[in-house]
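Peer 1: Contents of query_37.pdb (PDB, C-alpha atoms):
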```
ATOM      1  CA  MET L   7       7.222   6.555 -15.109  1.00  0.00           C
ATOM      2  CA  SER L   8       3.674   6.170 -13.853  1.00  0.00           C
ATOM      3  CA  ASP L   9       2.713   6.576 -10.205  1.00  0.00           C
ATOM      4  CA  ILE L  10       1.354   3.580  -8.309  1.00  0.00           C
ATOM      5  CA  PHE L  11      -0.254   3.845  -4.874  1.00  0.00           C
ATOM      6  CA  LEU L  12       0.279   1.091  -2.309  1.00  0.00           C
ATOM      7  CA  SER L  13      -2.028   0.691   0.675  1.00  0.00           C
ATOM      8  CA  ALA L  14      -0.795  -2.115   2.899  1.00  0.00           C
ATOM      9  CA  SER L  15      -0.319  -3.220   6.482  1.00  0.00           C
ATOM     10  CA  VAL L  16      -0.223  -6.313   8.644  1.00  0.00           C
ATOM     11  CA  PRO L  17      -3.264  -6.541  10.947  1.00  0.00           C
ATOM     12  CA  LEU L  18      -2.445  -6.141  14.617  1.00  0.00           C
ATOM     13  CA  PRO L  19      -3.735  -8.736  17.118  1.00  0.00           C
ATOM     14  CA  ASP L  20      -5.862  -6.196  18.996  1.00  0.00           C
ATOM     15  CA  ARG L  21      -7.834  -5.075  15.920  1.00  0.00           C
ATOM     16  CA  HIS L  22     -11.304  -6.195  14.896  1.00  0.00           C
ATOM     17  CA  PRO L  23     -11.500  -9.958  14.259  1.00  0.00           C
ATOM     18  CA  ARG L  24     -12.730  -9.403  10.684  1.00  0.00           C
ATOM     19  CA  PHE L  25      -9.206  -8.301   9.756  1.00  0.00           C
ATOM     20  CA  ARG L  26      -7.581 -11.302  11.443  1.00  0.00           C
ATOM     21  CA  GLU L  27      -9.958 -14.043  10.211  1.00  0.00           C
ATOM     22  CA  THR L  28      -8.523 -14.247   6.696  1.00  0.00           C
ATOM     23  CA  VAL L  29      -5.100 -12.620   7.099  1.00  0.00           C
ATOM     24  CA  ASP L  30      -2.114 -14.371   5.539  1.00  0.00           C
ATOM     25  CA  VAL L  31       0.970 -12.592   6.875  1.00  0.00           C
ATOM     26  CA  THR L  32       3.337 -14.544   4.626  1.00  0.00           C
ATOM     27  CA  ALA L  33       1.260 -13.602   1.587  1.00  0.00           C
ATOM     28  CA  ILE L  34       1.273  -9.923   2.630  1.00  0.00           C
ATOM     29  CA  LYS L  35       5.058  -9.935   2.897  1.00  0.00           C
ATOM     30  CA  ASP L  36       5.479 -11.767  -0.428  1.00  0.00           C
ATOM     31  CA  ALA L  37       3.031  -9.431  -2.169  1.00  0.00           C
ATOM     32  CA  VAL L  38       4.688  -6.244  -0.891  1.00  0.00           C
ATOM     33  CA  ARG L  39       8.153  -7.468  -1.898  1.00  0.00           C
ATOM     34  CA  SER L  40       6.877  -8.567  -5.310  1.00  0.00           C
ATOM     35  CA  LEU L  41       5.197  -5.221  -5.950  1.00  0.00           C
ATOM     36  CA  ALA L  42       8.440  -3.412  -5.090  1.00  0.00           C
ATOM     37  CA  ILE L  43      10.275  -5.590  -7.637  1.00  0.00           C
ATOM     38  CA  ALA L  44       7.579  -5.216 -10.296  1.00  0.00           C
ATOM     39  CA  CYS L  45       7.578  -1.423  -9.941  1.00  0.00           C
ATOM     40  CA  SER L  46      11.354  -1.019  -9.713  1.00  0.00           C
ATOM     41  CA  GLY L  47      12.681   1.123 -12.530  1.00  0.00           C
ATOM     42  CA  LYS L  48       9.302   1.326 -14.267  1.00  0.00           C
ATOM     43  CA  HIS L  49       6.926   3.000 -11.830  1.00  0.00           C
ATOM     44  CA  THR L  50       7.082   5.227  -8.770  1.00  0.00           C
ATOM     45  CA  LEU L  51       5.594   3.445  -5.770  1.00  0.00           C
ATOM     46  CA  VAL L  52       3.969   5.829  -3.265  1.00  0.00           C
ATOM     47  CA  PHE L  53       2.939   4.599   0.169  1.00  0.00           C
ATOM     48  CA  GLY L  54       2.417   5.588   3.789  1.00  0.00           C
ATOM     49  CA  GLY L  55       5.327   4.595   5.994  1.00  0.00           C
ATOM     50  CA  HIS L  56       3.638   1.777   7.901  1.00  0.00           C
ATOM     51  CA  PRO L  57       6.232   0.167  10.221  1.00  0.00           C
ATOM     52  CA  ALA L  58       5.442  -3.352   8.959  1.00  0.00           C
ATOM     53  CA  ILE L  59       5.708  -2.408   5.254  1.00  0.00           C
ATOM     54  CA  THR L  60       8.613   0.046   5.027  1.00  0.00           C
ATOM     55  CA  PRO L  61      11.250  -2.494   6.173  1.00  0.00           C
ATOM     56  CA  LEU L  62       9.994  -5.075   3.665  1.00  0.00           C
ATOM     57  CA  ILE L  63      10.455  -2.699   0.752  1.00  0.00           C
ATOM     58  CA  ARG L  64      13.815  -1.461   2.003  1.00  0.00           C
ATOM     59  CA  GLN L  65      15.140  -4.986   2.498  1.00  0.00           C
ATOM     60  CA  GLN L  66      13.882  -6.206  -0.883  1.00  0.00           C
ATOM     61  CA  MET L  67      15.514  -3.360  -2.752  1.00  0.00           C
ATOM     62  CA  GLU L  68      18.785  -3.765  -0.847  1.00  0.00           C
ATOM     63  CA  ASP L  69      18.731  -7.514  -1.572  1.00  0.00           C
ATOM     64  CA  MET L  70      18.432  -6.651  -5.269  1.00  0.00           C
ATOM     65  CA  GLY L  71      21.270  -4.154  -5.017  1.00  0.00           C
ATOM     66  CA  SER L  72      18.914  -1.310  -5.905  1.00  0.00           C
ATOM     67  CA  ASN L  73      18.954   2.151  -4.421  1.00  0.00           C
ATOM     68  CA  VAL L  74      15.812   2.530  -2.303  1.00  0.00           C
ATOM     69  CA  SER L  75      15.742   6.246  -2.996  1.00  0.00           C
ATOM     70  CA  GLU L  76      14.846   5.633  -6.625  1.00  0.00           C
ATOM     71  CA  GLY L  77      11.242   4.939  -7.472  1.00  0.00           C
ATOM     72  CA  PHE L  78       9.764   5.168  -3.981  1.00  0.00           C
ATOM     73  CA  ILE L  79       8.034   7.981  -2.127  1.00  0.00           C
ATOM     74  CA  ILE L  80       7.005   7.520   1.499  1.00  0.00           C
ATOM     75  CA  TYR L  81       4.507   9.705   3.313  1.00  0.00           C
ATOM     76  CA  GLN L  82       4.777   9.897   7.080  1.00  0.00           C
ATOM     77  CA  SER L  83       2.759  11.911   9.570  1.00  0.00           C
ATOM     78  CA  LEU L  84       4.703  13.866  12.171  1.00  0.00           C
ATOM     79  CA  PHE L  85       2.154  12.496  14.637  1.00  0.00           C
ATOM     80  CA  PHE L  86       4.472   9.437  14.762  1.00  0.00           C
ATOM     81  CA  GLU L  87       7.725  11.429  15.020  1.00  0.00           C
ATOM     82  CA  ARG L  88       8.764   9.800  18.300  1.00  0.00           C
ATOM     83  CA  GLN L  89       8.141   6.343  16.810  1.00  0.00           C
ATOM     84  CA  PHE L  90       9.915   6.679  13.439  1.00  0.00           C
ATOM     85  CA  ILE L  91      11.675   3.466  12.515  1.00  0.00           C
ATOM     86  CA  PRO L  92      15.328   3.493  11.374  1.00  0.00           C
ATOM     87  CA  ASP L  93      14.336   2.100   7.955  1.00  0.00           C
ATOM     88  CA  LEU L  94      12.967   5.531   7.021  1.00  0.00           C
ATOM     89  CA  GLU L  95      16.527   6.862   6.913  1.00  0.00           C
ATOM     90  CA  LYS L  96      17.266   4.614   3.928  1.00  0.00           C
ATOM     91  CA  PHE L  97      14.698   6.389   1.771  1.00  0.00           C
ATOM     92  CA  GLU L  98      15.598   9.782   0.341  1.00  0.00           C
ATOM     93  CA  ARG L  99      12.104  10.700  -0.795  1.00  0.00           C
ATOM     94  CA  ILE L 100      10.062  11.089   2.377  1.00  0.00           C
ATOM     95  CA  VAL L 101       7.230  13.576   2.674  1.00  0.00           C
ATOM     96  CA  TYR L 102       6.392  14.503   6.239  1.00  0.00           C
ATOM     97  CA  THR L 103       2.886  15.802   6.862  1.00  0.00           C
ATOM     98  CA  GLN L 104       1.859  17.939   9.801  1.00  0.00           C
ATOM     99  CA  GLN L 105       0.239  16.534  12.885  1.00  0.00           C
ATOM    100  CA  VAL L 106      -3.351  17.745  13.249  1.00  0.00           C
ATOM    101  CA  GLU L 107      -4.127  18.760  16.802  1.00  0.00           C
ATOM    102  CA  ASP L 108      -3.238  15.754  18.961  1.00  0.00           C
ATOM    103  CA  SER L 109      -5.435  13.392  16.982  1.00  0.00           C
ATOM    104  CA  LEU L 110      -4.271  10.161  15.363  1.00  0.00           C
ATOM    105  CA  GLU L 111      -7.374  10.001  13.133  1.00  0.00           C
ATOM    106  CA  LYS L 112      -7.124  13.621  11.954  1.00  0.00           C
ATOM    107  CA  SER L 113      -3.375  13.338  11.396  1.00  0.00           C
ATOM    108  CA  LEU L 114      -3.752  10.144   9.338  1.00  0.00           C
ATOM    109  CA  LEU L 115      -6.580  11.640   7.297  1.00  0.00           C
ATOM    110  CA  HIS L 116      -4.452  14.716   6.575  1.00  0.00           C
ATOM    111  CA  MET L 117      -1.502  12.536   5.526  1.00  0.00           C
ATOM    112  CA  ARG L 118      -3.704  10.394   3.282  1.00  0.00           C
ATOM    113  CA  GLN L 119      -5.282  13.420   1.628  1.00  0.00           C
ATOM    114  CA  GLU L 120      -1.863  14.981   0.998  1.00  0.00           C
ATOM    115  CA  MET L 121      -0.479  11.701  -0.336  1.00  0.00           C
ATOM    116  CA  LEU L 122      -3.355  11.079  -2.724  1.00  0.00           C
ATOM    117  CA  SER L 123      -3.433  14.676  -3.967  1.00  0.00           C
ATOM    118  CA  SER L 124       0.292  14.958  -4.565  1.00  0.00           C
ATOM    119  CA  ARG L 125       0.562  12.953  -7.775  1.00  0.00           C
ATOM    120  CA  LYS L 126      -1.500  11.620 -10.651  1.00  0.00           C
ATOM    121  CA  PHE L 127      -1.992   7.956  -9.896  1.00  0.00           C
ATOM    122  CA  ASP L 128      -2.561   5.357 -12.590  1.00  0.00           C
ATOM    123  CA  ALA L 129      -3.273   2.448 -10.238  1.00  0.00           C
ATOM    124  CA  ALA L 130      -3.547   1.376  -6.612  1.00  0.00           C
ATOM    125  CA  PHE L 131      -2.732  -1.925  -4.933  1.00  0.00           C
ATOM    126  CA  PHE L 132      -4.374  -2.875  -1.630  1.00  0.00           C
ATOM    127  CA  ILE L 133      -2.553  -5.597   0.307  1.00  0.00           C
ATOM    128  CA  GLY L 134      -3.610  -7.086   3.659  1.00  0.00           C
ATOM    129  CA  GLY L 135      -4.477  -4.228   5.961  1.00  0.00           C
ATOM    130  CA  MET L 136      -6.986  -3.051   8.485  1.00  0.00           C
ATOM    131  CA  GLU L 137      -9.367  -0.086   8.678  1.00  0.00           C
ATOM    132  CA  GLY L 138      -6.871   2.120   6.843  1.00  0.00           C
ATOM    133  CA  ILE L 139      -7.204   0.022   3.681  1.00  0.00           C
ATOM    134  CA  LEU L 140     -10.923   0.687   3.549  1.00  0.00           C
ATOM    135  CA  VAL L 141     -10.481   4.415   4.222  1.00  0.00           C
ATOM    136  CA  GLU L 142      -7.717   4.715   1.614  1.00  0.00           C
ATOM    137  CA  TYR L 143      -9.825   2.865  -0.966  1.00  0.00           C
ATOM    138  CA  VAL L 144     -12.641   5.423  -0.627  1.00  0.00           C
ATOM    139  CA  LEU L 145     -10.245   8.386  -0.727  1.00  0.00           C
ATOM    140  CA  PHE L 146      -8.356   6.954  -3.703  1.00  0.00           C
ATOM    141  CA  HIS L 147     -11.466   6.010  -5.692  1.00  0.00           C
ATOM    142  CA  ASP L 148     -13.025   9.442  -5.075  1.00  0.00           C
ATOM    143  CA  LYS L 149      -9.864  11.273  -6.163  1.00  0.00           C
ATOM    144  CA  TRP L 150      -8.848   8.981  -9.072  1.00  0.00           C
ATOM    145  CA  PRO L 151     -12.060   7.310 -10.353  1.00  0.00           C
ATOM    146  CA  SER L 152     -10.495   6.231 -13.654  1.00  0.00           C
ATOM    147  CA  ALA L 153      -7.390   4.653 -12.103  1.00  0.00           C
ATOM    148  CA  LYS L 154      -7.079   0.872 -11.890  1.00  0.00           C
ATOM    149  CA  ILE L 155      -7.666  -0.578  -8.433  1.00  0.00           C
ATOM    150  CA  PHE L 156      -6.328  -3.971  -7.390  1.00  0.00           C
ATOM    151  CA  PRO L 157      -7.310  -5.368  -3.959  1.00  0.00           C
ATOM    152  CA  ILE L 158      -5.041  -8.390  -3.568  1.00  0.00           C
ATOM    153  CA  ALA L 159      -7.655 -10.545  -1.843  1.00  0.00           C
ATOM    154  CA  SER L 160      -5.351 -13.552  -1.466  1.00  0.00           C
ATOM    155  CA  THR L 161      -3.499 -11.605   1.251  1.00  0.00           C
ATOM    156  CA  GLY L 162      -6.697 -11.553   3.299  1.00  0.00           C
ATOM    157  CA  ALA L 163      -7.680  -8.969   5.903  1.00  0.00           C
ATOM    158  CA  GLY L 164      -8.782  -5.544   4.592  1.00  0.00           C
ATOM    159  CA  ALA L 165      -7.928  -6.370   0.977  1.00  0.00           C
ATOM    160  CA  ARG L 166     -10.203  -9.435   1.111  1.00  0.00           C
ATOM    161  CA  ILE L 167     -13.011  -7.414   2.694  1.00  0.00           C
ATOM    162  CA  LEU L 168     -12.641  -4.738   0.021  1.00  0.00           C
ATOM    163  CA  PHE L 169     -12.636  -7.356  -2.729  1.00  0.00           C
ATOM    164  CA  ASN L 170     -15.711  -9.127  -1.327  1.00  0.00           C
ATOM    165  CA  GLU L 171     -17.670  -5.903  -0.828  1.00  0.00           C
ATOM    166  CA  ARG L 172     -16.874  -4.387  -4.239  1.00  0.00           C
ATOM    167  CA  VAL L 173     -16.252  -7.309  -6.614  1.00  0.00           C
ATOM    168  CA  GLN L 174     -19.665  -7.094  -8.293  1.00  0.00           C
ATOM    169  CA  GLU L 175     -19.407  -3.345  -8.738  1.00  0.00           C
ATOM    170  CA  MET L 176     -15.773  -3.315  -9.901  1.00  0.00           C
ATOM    171  CA  GLY L 177     -15.678  -6.598 -11.838  1.00  0.00           C
ATOM    172  CA  TRP L 178     -12.342  -7.852 -10.514  1.00  0.00           C
ATOM    173  CA  GLY L 179     -11.217 -11.275 -11.647  1.00  0.00           C
ATOM    174  CA  ASP L 180     -10.578 -14.338  -9.536  1.00  0.00           C
ATOM    175  CA  ASN L 181      -6.837 -13.864 -10.079  1.00  0.00           C
ATOM    176  CA  LEU L 182      -6.854 -11.260  -7.282  1.00  0.00           C
ATOM    177  CA  LEU L 183      -8.413 -13.836  -4.982  1.00  0.00           C
ATOM    178  CA  HIS L 184      -6.454 -16.962  -5.886  1.00  0.00           C
ATOM    179  CA  ASP L 185      -3.229 -16.165  -7.740  1.00  0.00           C
ATOM    180  CA  MET L 186      -0.351 -16.035  -5.267  1.00  0.00           C
ATOM    181  CA  ARG L 187       2.393 -15.895  -7.896  1.00  0.00           C
ATOM    182  CA  TYR L 188       2.626 -12.237  -7.072  1.00  0.00           C
ATOM    183  CA  LEU L 189       5.533 -11.130  -9.208  1.00  0.00           C
ATOM    184  CA  SER L 190       4.034 -12.480 -12.431  1.00  0.00           C
ATOM    185  CA  LEU L 191       0.546 -11.306 -11.406  1.00  0.00           C
ATOM    186  CA  PHE L 192       1.749  -7.780 -10.674  1.00  0.00           C
ATOM    187  CA  LYS L 193       3.759  -7.527 -13.874  1.00  0.00           C
ATOM    188  CA  GLN L 194       0.633  -8.529 -15.782  1.00  0.00           C
ATOM    189  CA  LEU L 195      -1.552  -6.039 -13.892  1.00  0.00           C
ATOM    190  CA  LEU L 196       0.944  -3.217 -14.355  1.00  0.00           C
ATOM    191  CA  LYS L 197       1.015  -3.842 -18.107  1.00  0.00           C
ATOM    192  CA  SER L 198      -2.726  -3.160 -18.141  1.00  0.00           C
ATOM    193  CA  ILE L 199      -2.373   0.451 -16.970  1.00  0.00           C
TER     194      ILE L 199
END
```
Translate the structure of the given file into structure tokens.
Peer 2:
Amino acid sequence: MSDIFLSASVPLPDRHPRFRETVDVTAIKDAVRSLAIACSGKHTLVFGGHPAITPLIRQQMEDMGSNVSEGFIIYQSLFFERQFIPDLEKFERIVYTQQVEDSLEKSLLHMRQEMLSSRKFDAAFFIGGMEGILVEYVLFHDKWPSAKIFPIASTGAGARILFNERVQEMGWGDNLLHDMRYLSLFKQLLKSI
């Protein structure tokens, strides 16, 4: 099974307007659920335990009657230990990373570096998101320059910004911008890796 990295979140109302201008929350939810289905049994999906994303994946896999411990690895910083959501308990493969000082930024950077160094990734999907999407893109691309990168621009927010800023350089097709039939799109993209 190949390892696939997921970078995703739902932009919060208090974040920079550039993440809210194009966001499509329904599309983010559909895309995350579809990626979980497309990866199930074929790929290991690795992601940070964002509180808007973890429940979507857990619920989708339970709806399918699948064991959420198979094929998923969540990374979570102990910086958030007091805020852990109950959905984490449903996943058996959780990697907790140490809090760095009392700094959110340093703790997240440490978690991201650990997560992206822990496996050999074949591809990354970027869905919705805020500043973290842009940071994780740079870290991922630097660490795995030959891996496939798919910013799902139709979900808006950080993924759309990433797509718009890098489309010329990376040569992504319009399907990442317009195709919202996520399950078939993701199956096609995963076949290309």
Peer 1: Would you compute the box with edges along x, y and z of the file around stretch 99-107 of chain L, including every atom the file lists for it and 4 Å extra on each side, and give its centre and edge lengths in Å to one decimal, as AutoDock Vina command-line options?
Peer 2:
```
--center_x 4.0 --center_y 14.7 --center_z 8.0 --size_x 24.2 --size_y 16.1 --size_z 25.6
```
Peer 1: Kindly indicate which residue among L:Gly55, L:Gly162, L:Gly138, L:Pro92 lies nearest to L:Phe25, using all atoms listed in the file for the distances.
Peer 2: L:Gly162
Peer 1: Applying the PyMOL selection byres ((chain L and resi 106-120) around 12) to the file I just gave you, which residues come out? Please list them as a PyMOL selection string.
Peer 2: chain L and resi 11-13+52-56+80-87+101-105+121-125+137-139+141-146+148-149
Peer 1: Compile the contact shell of L:Thr161 as a list in words: residues with an atom at most 9 Å away, counting all atoms listed in the file, same-chain residues fewer than 4 positions apart removed.
Peer 2: Thr28, Val29, Asp30, Val31, Thr32, Ala33, Ile34, Lys35, Ala37, Ile133, Gly134, Gly135, Pro157, Ala165, Arg166, Leu183 and Met186 of chain L
Peer 1: On this structure, the PyMOL selection byres ((chain L and resi 153) around 8) would catch which residues? List them as a list of chain:residue names, sorted by chain and number.
Peer 2: L:Phe127, L:Asp128, L:Ala129, L:Ala130, L:His147, L:Trp150, L:Pro151, L:Ser152, L:Lys154, L:Ile155
Peer 1: When you count all atoms listed in the file, which of these residues is closest to L:Leu41: L:Ala58, L:Met136, L:Met67, L:Val16?
Peer 2: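 Residue with the minimum atom-to-atom distance to L:Leu41: L:Met67.
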Peer 1: Which residue out of L:Ile63, L:Leu196, L:Ala159, L:Ile167 has the minimum interatomic distance to L:His184 when all atoms listed in the file are used?
Peer 2: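 Under the stated criterion, the closest residue is L:Ala159.
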Peer 1: Atom CA of L:Phe78 to atom CA of L:Lys197: how many Å, to one decimal?
Peer 2: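 Taking atom CA of L:Phe78 and atom CA of L:Lys197, their separation equals 18.9 Å.
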Peer 1: Contacts of L:Lys48 at 10 Å or less, counting only C-alpha atoms, minus same-chain residues fewer than 3 places along, as a list in words?
Peer 2: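 Near neighbours after the sequence-gap exclusion: Met7, Ser8, Asp9, Ile43, Ala44, Cys45, Leu51, Gly77 and Leu196 of chain L.
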Peer 1: Measure the distance from atom CA of L:Val38 to atom CA of L:Ser15 in Å and round it to one decimal.
Peer 2: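 Between these atoms lies a distance of 9.4 Å.
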Peer 1: Atom CA of L:Ala14 to atom CA of L:Ala163: how many Å, to one decimal?
Peer 2: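 For atom CA of L:Ala14 relative to atom CA of L:Ala163, the distance reads 10.2 Å.
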Peer 1: Counting only C-alpha atoms, what is within 9 Å of L:Ser190, bar same-chain residues fewer than 4 positions away, as a PDB file with C-alpha atoms, in the frame of the given file?
Peer 2:
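Generated output (selection_13.pdb):
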```pdb
ATOM      1  CA  SER L  40       6.877  -8.567  -5.310  1.00  0.00           C
ATOM      2  CA  ALA L  44       7.579  -5.216 -10.296  1.00  0.00           C
ATOM      3  CA  GLN L 194       0.633  -8.529 -15.782  1.00  0.00           C
ATOM      4  CA  LEU L 195      -1.552  -6.039 -13.892  1.00  0.00           C
TER       5      LEU L 195
END
```
Peer 1: Pick out the closest residue to L:Arg26 from this set: L:His49, L:Thr60, L:Gly164, L:Arg172. Count only C-alpha atoms.
Peer 2: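 Between L:His49, L:Thr60, L:Gly164, L:Arg172, the residue approaching L:Arg26 most closely is L:Gly164.
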Peer 1: Nearest to L:Pro61 among L:Ser198, L:Leu140, L:Phe97, L:Leu191, with distances taken over only C-alpha atoms: which residue is it?
Peer 2: L:Phe97
Peer 1: Using all atoms listed in the file, find the one residue out of L:Gly177, L:Asp93, L:Gln65, L:Ile10 that sits nearest to L:Phe132.
Peer 2: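 Result for the nearest residue to L:Phe132: L:Ile10.
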Peer 1: Step by step: locate stretch 152-164 of chain L in the block above, keep N, CA and C atoms, then write the file as a PDB file, in the first residue's frame.
Peer 2:
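What ended up in part.pdb:
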```pdb
ATOM      1  N   SER L 152       9.381  14.530  -5.846  1.00  0.00           N
ATOM      2  CA  SER L 152       8.898  13.721  -6.976  1.00  0.00           C
ATOM      3  C   SER L 152       7.502  13.154  -6.748  1.00  0.00           C
ATOM      4  N   ALA L 153       6.917  13.409  -5.588  1.00  0.00           N
ATOM      5  CA  ALA L 153       5.564  12.923  -5.309  1.00  0.00           C
ATOM      6  C   ALA L 153       4.534  13.767  -6.061  1.00  0.00           C
ATOM      7  N   LYS L 154       3.405  13.153  -6.359  1.00  0.00           N
ATOM      8  CA  LYS L 154       2.305  13.880  -7.014  1.00  0.00           C
ATOM      9  C   LYS L 154       1.613  14.762  -5.983  1.00  0.00           C
ATOM     10  N   ILE L 155       1.237  15.952  -6.414  1.00  0.00           N
ATOM     11  CA  ILE L 155       0.570  16.915  -5.536  1.00  0.00           C
ATOM     12  C   ILE L 155      -0.726  17.354  -6.201  1.00  0.00           C
ATOM     13  N   PHE L 156      -1.828  17.245  -5.436  1.00  0.00           N
ATOM     14  CA  PHE L 156      -3.141  17.560  -5.979  1.00  0.00           C
ATOM     15  C   PHE L 156      -3.875  18.567  -5.082  1.00  0.00           C
ATOM     16  N   PRO L 157      -3.798  19.879  -5.405  1.00  0.00           N
ATOM     17  CA  PRO L 157      -4.614  20.846  -4.668  1.00  0.00           C
ATOM     18  C   PRO L 157      -6.030  20.832  -5.261  1.00  0.00           C
ATOM     19  N   ILE L 158      -6.994  20.431  -4.483  1.00  0.00           N
ATOM     20  CA  ILE L 158      -8.361  20.304  -4.974  1.00  0.00           C
ATOM     21  C   ILE L 158      -9.005  21.689  -4.915  1.00  0.00           C
ATOM     22  N   ALA L 159      -8.766  22.461  -5.973  1.00  0.00           N
ATOM     23  CA  ALA L 159      -9.128  23.877  -6.023  1.00  0.00           C
ATOM     24  C   ALA L 159     -10.629  24.111  -5.954  1.00  0.00           C
ATOM     25  N   SER L 160     -11.421  23.136  -6.364  1.00  0.00           N
ATOM     26  CA  SER L 160     -12.879  23.296  -6.317  1.00  0.00           C
ATOM     27  C   SER L 160     -13.399  23.410  -4.892  1.00  0.00           C
ATOM     28  N   THR L 161     -12.594  23.032  -3.896  1.00  0.00           N
ATOM     29  CA  THR L 161     -13.008  23.171  -2.499  1.00  0.00           C
ATOM     30  C   THR L 161     -12.739  24.576  -1.971  1.00  0.00           C
ATOM     31  N   GLY L 162     -12.035  25.372  -2.766  1.00  0.00           N
ATOM     32  CA  GLY L 162     -11.770  26.761  -2.407  1.00  0.00           C
ATOM     33  C   GLY L 162     -10.707  26.903  -1.339  1.00  0.00           C
ATOM     34  N   ALA L 163     -10.709  28.086  -0.718  1.00  0.00           N
ATOM     35  CA  ALA L 163      -9.833  28.420   0.407  1.00  0.00           C
ATOM     36  C   ALA L 163      -8.354  28.211   0.065  1.00  0.00           C
ATOM     37  N   GLY L 164      -7.590  27.606   0.972  1.00  0.00           N
ATOM     38  CA  GLY L 164      -6.154  27.425   0.778  1.00  0.00           C
ATOM     39  C   GLY L 164      -5.805  26.594  -0.437  1.00  0.00           C
TER      40      GLY L 164
END
```
